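K.L.:
Below is one structure. I have some questions about it.
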Amino acid sequence: MSNFYITTSIPYVNSEPHIGFAMELVQADVLARYMRQNQTPTLFATGTDEHGGKIAERAAEQKLTPQTFADRVSSSFKAILPLLNISNDRFVRTTDKGHEQRSQYIWKNLSQYIYKGKYEGWYCTGDEAFFSEQVVKANKGVCPQHNRPYEKIQEENYFFKLSAFTAQVKQAVESDSFRVIPETRKHEILAVINAGLEDISVSRPKDKIDWGIAVPGDTSQVMYVWFEALMNYITVLGYPEHEDFRKFWPANVQVIGKDILRFHAAIWPAMLLALKLPLPKVLYVHGFVTVNDKKMSKTLGNVVAPKEVVDKYGSDTFRYFFLRHIPSYSDGDFSWQRLEAAYNDELADQLGNAVSRTAAMIVRYQQGVIGNIPEPEHDVIHYEQALEQCRFDRALDEVWDQVRGLNQYIEEAKPWEIAKAKDEEHLKEVLAYMAGALLEIAGLLAPFMPATSTAIKQIFGSGIIKETPKPLFPKQQASQTVPSD
Ligand SMILES: [Zn+2]
């Protein structure tokens, strides 16, 4: 099998990491771990996006240099990686010297498609984005996201000839050679492409924004932050000369949120085509996570930090909840009540209980000796297909069918009655089957819940259980300390 390269988007360091981006990291991590488990050489990259006027603005508010400010927020993103047990190989920062130099190299390589023009229009620094006359009119001149007036901009900029790639990008999306999933996002981007891709402004005058990468050969301009940030996916591989680039490009899967679809499904492929590079194979687009059915916002004070969840429930519970209970193909809702229900009903009562009961009976009836574990017997084709389609929720449903099946088997086989009847041979078979089923479940859970998978393998994998293990998911009371809305 060939190599596997997977990326997350690189979050903008204007605010601290929240659970929505944490979910994206976990989704990408599942695929990276799954591919490594299948012996495929894998490279998993994430990072932070750090230039632009908004960063300079935030830094000034806090009386910091943009670099110091970016360093701080970037490290808080870095800090959630071990917290969530993320197995990334690389962490790219757009302020890395390597990224800056390689972006300039890329700019030069794109020069055939870059021209100078006059830009007239509207800009919101909160979004670091340009807006059309229609949008500005509809919002009565004030950006609703940031509650600040759009700035009228009249300046000389460089433009990228996005329009020249309309047909090629469309063809790639339609034919699935550049596969956008889910299908709803594919239709969405095709609608954007069919409406016509216009050339985009890709630089800003340095006297307006100086926190950016200089345009090669023109000291009066810096690259537009979005344009330069997209390049991270190849600069992190050492484009153009490094062997990692030759080995790992094109990306097998790029994971993004639905708000940045246009950048990744229209502009980025056009840039790659202009560089004569192959397009990523899959662009997987996840939805938004609300909290108690409301959009997370600082004003509402309902932003949930990944650390809050992990501190209380552990990283595997975090991973489990966001992978199974937030739909992989649409938006989903987080609440402490839903998380607690999933923890108690599914992790503690179903999985944890099956592990505890099985181990306890092996200790009690057979002095911990497991005996001959039968070969795995379940068909995992649906699990595999679900993973190929980034249906993390469905893949876990498949695993949970096995967890439920095992609990049902225990109820029906009633090993305690076989023990009473002193049918040792039969008991040995039943308990070994149960241990085998748990090892099989542990294997399937490895990419999703690595710590739990390892714990189960440690209990049942060595042939002997020395003592009854502590519960994997100790039951949590509906405590008063759980924040609610
Ligand atoms: Zn805005």
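Every chain in the structure tokens has a letter given in the order shown (A, B, ...), and although residue numbers restart at 1 in each chain, ligands are simply numbered from 1 in the order shown.
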Quick one: contact table of chain A to ligand 1, 6 Å max, nearest atom pair and distance in Å to one decimal per residue, counting only C-alpha atoms and all ligand atoms, chain and number order, as JSON lines?
P.N.:
{"residue": "A:Cys124", "atom": "CA", "partner": "ligand 1", "partner_atom_place_in_ligand_line": "1 (Zn)", "distance": 4.7}
{"residue": "A:Gly126", "atom": "CA", "partner": "ligand 1", "partner_atom_place_in_ligand_line": "1 (Zn)", "distance": 4.3}
{"residue": "A:Asp127", "atom": "CA", "partner": "ligand 1", "partner_atom_place_in_ligand_line": "1 (Zn)", "distance": 4.6}
{"residue": "A:Cys143", "atom": "CA", "partner": "ligand 1", "partner_atom_place_in_ligand_line": "1 (Zn)", "distance": 4.7}
{"residue": "A:Gln145", "atom": "CA", "partner": "ligand 1", "partner_atom_place_in_ligand_line": "1 (Zn)", "distance": 5.0}
{"residue": "A:His146", "atom": "CA", "partner": "ligand 1", "partner_atom_place_in_ligand_line": "1 (Zn)", "distance": 4.5}
K.L.:
Neighbouring residues of Val236 in chain A were defined as those with any atom within 8 Å, considering only C-alpha atoms; residues of the same chain fewer than 3 positions away were excluded. Please report them as a PyMOL selection string.
P.N.:
chain A and resi 45+90+92+99+232-233+239
K.L.:
Mind checking which residues fall within 12 Å of range 77-85 of chain A, counting only C-alpha atoms, ignoring those fewer than 6 positions away in the same chain, and posting them as a ChimeraX atom specification?
P.N.:
/A:10-19,21-30,33,45-50,70-71,91-93,305-311,313-320,322,446-452
K.L.:
Tell me which protein, DNA and RNA residues are within 9 Å of Phe245 in chain A, counting only C-alpha atoms, leaving out same-chain ones fewer than 5 positions away, and put them as a PyMOL selection string.
P.N.:
chain A and resi 234-240+250
K.L.:
As an exercise, work out the distance from CA of Leu275 in chain A to CA of Leu110 in chain A in Å and give it to one decimal place.
P.N.:
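Interatomic distance here is 6.4 Å.
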K.L.:
Run DSSP on the backbone and tell me which residues of range 174-372 of chain A come out as helix (DSSP H, G or I); list them as an MDAnalysis selection string.
P.N.:
chainID A and resid 174 183:194 225:230 232:235 243:248 258:274 306:313 315:325 336:366
K.L.:
Hey, what does DSSP flag as strand (DSSP E) within range 234-319 of chain A? Can you give it to me as a ChimeraX atom specification?
P.N.:
/A:253-257,282-286,289-291
K.L.:
Taking only C-alpha atoms into account, name the residue in A:Gln366, A:Ser201, A:Ser76, A:Ser220 that is nearest to Phe131 in chain A.
P.N.:
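Selected residue with least distance to Phe131 in chain A: A:Ser201.
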K.L.:
I want to know what sits within 7 Å of range 456-468 of chain A, based on only C-alpha atoms, with residues of the same chain fewer than 2 positions away left out; could you give that as an NGL selection string?
P.N.:
:A and (359-360 or 363 or 368-371 or 435 or 439 or 442 or 452-454 or 470)
K.L.:
Keeping only C-alpha atoms, take the residues you just selected and write them out as a compact mmCIF listing (two decimals), in the first residue's frame.
P.N.:
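As written to disk, again17.txt reads:
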# COMPACT_ATOMS: atom_id res chain seq x y z
CA ALA A 359 -12.12 -10.43 33.94
CA ALA A 360 -13.77 -11.05 37.31
CA VAL A 363 -10.17 -14.65 38.07
CA GLY A 368 -7.06 -15.89 36.10
CA VAL A 369 -6.12 -18.38 33.40
CA ILE A 370 -7.81 -17.38 30.15
CA GLY A 371 -7.13 -20.45 28.02
CA ALA A 435 -12.04 -12.57 26.32
CA LEU A 439 -9.70 -8.34 22.32
CA ALA A 442 -10.02 -3.54 21.58
CA THR A 452 -8.98 2.05 26.40
CA SER A 453 -7.84 -0.29 23.67
CA THR A 454 -4.43 -0.67 25.31
CA LYS A 470 -10.29 -1.52 38.27
K.L.:
Could you list, as a ChimeraX atom specification, every residue within 10 Å of Tyr433 in chain A, counting only C-alpha atoms and ignoring same-chain residues fewer than 5 positions away?
P.N.:
/A:358,370-376,406,409,427-428,438-439
